[in-house]
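**Q** Input: one structure, supplied below.
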Amino acid sequence: MSPQDYEFLCKLLKERSGLVLAPDKQYLVESRLLPVARKAGCDTLEALVRKLKAPGSEPLKVEVTEAMTINESFFFRDKIPYDRFRDTVIPDMMQKRAVQRKLRIWSAACSTGQEPYSLAMMLDGFSTLAGWQFDIIATDISNDVLDKARSGSYSQFEVQRGLPISMLMQHFEQVGDQWRLSAKIRKMVQFRQLNLLTDFSILGQFDAVFCRNVLIYFDQPTKVDVLTRIRQRLAPDGYFVLGAAETVVGVGDLFSPVPDKRGLYCPTVKREAAPKLALVSASGGQRVA
């Protein structure tokens, strides 16, 4: 693949998904896009690029973008964010939402659904939350991974990665060579196609937002833009969860780390300056304090 073709693909992916590819990632592009090229009747990536530049190539551009933005996922990935959810977020929200008895959670860039389903299984395990309403919204840019997520079916290999055997037995049934989640857990999650670069105000407000292992692929201006708009969707007393390799350092004062809870953040509360008071001096004149 020529440098010009690689540059074209990098620009296309940046514009459509926010994905920023370094010069040394050409091998990744080739491995992800060669199957797309063959499916489109192209023998080489050069031919694929020519087809992408031709009129009427929108469906192909969607395929290319989805092929490059599919990321690996597995149940209870990295463990610590789920410990934070169980030990800090849920107990705190049980107190804060005791009247409403409702929690709204957003799993952004959910891939094949293991993250939102992991959260659903955790919530289902809290007997003290019986009778509460849970709205778990899971979004991803790729319709292909969302179709798999909605099915709730996973291979033996997929359920062996991170899923405790007790939860496998409690929430899954074996169907042929697949394991399918129970209808109860599947109904707790709503999957929607969403590009994080576009407006997502229609999603409403959330008590907790998980946005893990996606911002690392964005450049700084895109990261700031996405985080700013996520902050607008998060309740003032809510929680924000990032991936282990991600941070809010350098993106302003949108979020503050929760002390001693690595990876867990809350919206920064901006304190307004105290109003200046006009004091009467002993001589009867006014001075500003």
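A note on labels: chains of the structure tokens are A, B, ... as shown, every chain counts residues from 1, and ligands are counted from 1 in their shown order.
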I want to know what sits within 12 Å of Ala67 (chain A), based on only C-alpha atoms, with residues of the same chain fewer than 3 positions away left out; could you give that as a list of chain:residue names?
**A**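 Counting only C-alpha atoms, the residues come to A:Leu13, A:Ser17, A:Leu19, A:Leu28, A:Val29, A:Glu30, A:Ser31, A:Arg32, A:Leu33, A:Leu34, A:Pro35, A:Val36, A:Ala37, A:Leu60, A:Lys61, A:Val62, A:Glu63, A:Val64, A:Ile70, A:Asn71, A:Ser111, A:Ile141, A:Ser142, A:Asn143, A:Asp144, A:Val145.
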**Q** Could you write out, as a ChimeraX atom specification, all the residues of region 65-270 of chain A that DSSP marks as helix (DSSP H, G or I)?
**A** /A:65-69,80-96,114-124,127-129,143-151,156-160,165-171,183-186,201-203,215-217,220-233
**Q** Pick out each residue of region 21-122 of chain A that DSSP on the backbone tags as strand (DSSP E); I need them as a PDB file with N, CA and C atoms, in the first residue's frame.
**A**
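See result-v2.pdb below for the written result:
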ATOM      1  N   LYS A 102     -34.261   4.374  40.771  1.00  0.00           N
ATOM      2  CA  LYS A 102     -33.980   4.194  39.355  1.00  0.00           C
ATOM      3  C   LYS A 102     -32.526   4.565  39.085  1.00  0.00           C
ATOM      4  N   LEU A 103     -31.844   3.756  38.267  1.00  0.00           N
ATOM      5  CA  LEU A 103     -30.469   4.036  37.874  1.00  0.00           C
ATOM      6  C   LEU A 103     -30.352   3.976  36.355  1.00  0.00           C
ATOM      7  N   ARG A 104     -29.656   4.962  35.790  1.00  0.00           N
ATOM      8  CA  ARG A 104     -29.394   4.977  34.345  1.00  0.00           C
ATOM      9  C   ARG A 104     -27.882   4.907  34.145  1.00  0.00           C
ATOM     10  N   ILE A 105     -27.462   3.945  33.335  1.00  0.00           N
ATOM     11  CA  ILE A 105     -26.040   3.703  33.115  1.00  0.00           C
ATOM     12  C   ILE A 105     -25.782   3.643  31.616  1.00  0.00           C
ATOM     13  N   TRP A 106     -24.697   4.267  31.190  1.00  0.00           N
ATOM     14  CA  TRP A 106     -24.317   4.261  29.772  1.00  0.00           C
ATOM     15  C   TRP A 106     -22.998   3.523  29.608  1.00  0.00           C
ATOM     16  N   SER A 107     -23.000   2.507  28.769  1.00  0.00           N
ATOM     17  CA  SER A 107     -21.783   1.807  28.370  1.00  0.00           C
ATOM     18  C   SER A 107     -21.447   2.260  26.952  1.00  0.00           C
TER      19      SER A 107
END
**Q** Taking 4 positions as the minimum chain separation for residues in the same chain, which residues sit within 8 Å of region 157-169 of chain A when counting only C-alpha atoms? Answer as a ChimeraX atom specification.
**A** /A:74-77,121,173,179
**Q** Write out, as a PDB file, in the first residue's frame, the residues just selected, with C-alpha atoms.
**A**
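The file below, out-v8.pdb, is the result:
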ATOM      1  CA  PHE A  74     -14.643  -9.747  27.453  1.00  0.00           C
ATOM      2  CA  PHE A  75     -16.683 -10.154  30.617  1.00  0.00           C
ATOM      3  CA  PHE A  76     -15.527  -8.203  33.697  1.00  0.00           C
ATOM      4  CA  ARG A  77     -12.532  -6.910  31.778  1.00  0.00           C
ATOM      5  CA  MET A 121     -25.446  -9.239  36.140  1.00  0.00           C
ATOM      6  CA  GLU A 173     -27.945 -21.652  29.053  1.00  0.00           C
ATOM      7  CA  TRP A 179     -23.883 -19.961  25.615  1.00  0.00           C
TER       8      TRP A 179
END
**Q** Could you check which of A:Pro81, A:Gly18, A:Pro221, A:Gly252 is closest to Thr69 (chain A), using only C-alpha atoms?
**A** A:Gly18
**Q** Measuring atom to atom with only C-alpha atoms, identify which of A:Ala149, A:Val89, A:Ala120, A:Ala54 is nearest to Asp207 (chain A).
**A**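 Selected residue with least distance to Asp207 (chain A): A:Val89.
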**Q** Check the smallest atom-to-atom distance from each of A:Thr112, A:Ser118, A:Ser57, A:Gln100 to Ala40 (chain A) using only C-alpha atoms, then report the winner.
**A** A:Ser57
**Q** Ala108 (chain A): which residues within 8 Å, counting only C-alpha atoms, same-chain residues fewer than 5 positions away excluded, as a list in words?
**A** Ala138, Thr139, Asp140, Val209, Phe210, Cys211 and Arg212 of chain A
**Q** Show which residues sit within 6 Å of Trp132 (chain A), as number ranges by chain. Count only C-alpha atoms, and ignore same-chain residues fewer than 2 positions away.
**A** A: 101-102, 129-130
**Q** Quick one: of A:Pro3, A:Gly263, A:Pro59, A:Gly176, who's nearest to Tyr82 (chain A), counting only C-alpha atoms?
**A**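 Closest residue, counting only C-alpha atoms: A:Gly263.
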**Q** Taking 5 positions as the minimum chain separation for residues in the same chain, which residues sit within 12 Å of Asp260 (chain A) when counting only C-alpha atoms? Answer as a PyMOL selection string.
**A** chain A and resi 84+88+265
**Q** Okay, now the selection with N, CA and C atoms, as a CSV table (one decimal), in the first residue's frame?
**A**
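The resulting result_3.csv:
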chain,number,residue,atom,x,y,z
A,84,ARG,N,-15.0,-1.2,41.7
A,84,ARG,CA,-15.4,0.2,42.0
A,84,ARG,C,-17.0,0.4,41.9
A,88,THR,N,-18.4,1.1,45.4
A,88,THR,CA,-18.5,2.5,45.6
A,88,THR,C,-19.8,3.1,44.9
A,265,TYR,N,-14.1,8.6,38.5
A,265,TYR,CA,-14.1,10.0,38.5
A,265,TYR,C,-15.5,10.5,38.8
